[in-house]
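Trainee: First, the structure itself, so that you have it in front of you.
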Amino acid sequence: MSEKMSKGTQEKINELQMLQQRLTVFNAQKQQFQMQLVEVDNALGEIEKSKGQIYKIVGEILIEKPAAEVKTELHEKKEEMDIRIKTLEKQENKIKEAALALQKEVQAELK
């Protein structure tokens, strides 16, 4: 770091780097939930096409379950994924706003 840079500016830069790391973590989590959401949608589509028995993986075995029960479970999981994604997006937006404000402060101090 330059000697011209104040301690406060250095701290702001460190905080900005931490915010960027948090954004990266939130983005990775959001992608995982989005992938799970696609899997749930695909499973629901397959249940709709199915005319026979429905099986669900529980641990390391397949068990037969009523289609209606599996659909209910999948819809609940889908709602949970939607909520988690929306929550992450809200947190992500707050961090982006904070990072942008902090970045403007740092740029102003470095001029």
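Here's how to read the names in the structure tokens: chain A, B, ... by the order shown, residue numbers from 1 in each chain, ligand numbers from 1 in the order shown.
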Skipping near chain neighbours, those fewer than 2 positions away, what residues fall within 7 Å of Ile54 of chain A using only C-alpha atoms, listed as a list in words?

Mentor: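 With the cut-off at 7 Å, the set is Gly52, Lys56, Glu64, Lys65, Pro66 and Ala67 of chain A.
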
Trainee: Residues near Leu37 of chain A, anyone? I mean within 10 Å using only C-alpha atoms, not counting same-chain ones fewer than 4 positions away, as a list in words.

Mentor: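 Returned residues: Gln31, Gln32, Phe33, Asp41, Asn42, Ala43, Leu74, Lys77, Lys78, Glu79, Glu80, Met81, Asp82 and Ile85 of chain A.
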
Trainee: Return as a PyMOL selection string the full set of residues in segment 34-102 of chain A whose backbone-based DSSP assignment is strand (DSSP E or B).

Mentor: chain A and resi 54-58+61-65

Trainee: Report the distance between atom CA of Glu11 of chain A and atom CA of Leu88 of chain A in Å, rounded to one decimal place.

Mentor: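 Going from atom CA of Glu11 of chain A over to atom CA of Leu88 of chain A covers 25.9 Å.
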
Trainee: When distances are computed from only C-alpha atoms, which of A:Lys12, A:Lys71, A:Lys90, A:Lys96 shows the smallest separation from Tyr55 of chain A?

Mentor: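 Under the stated criterion, the closest residue is A:Lys71.
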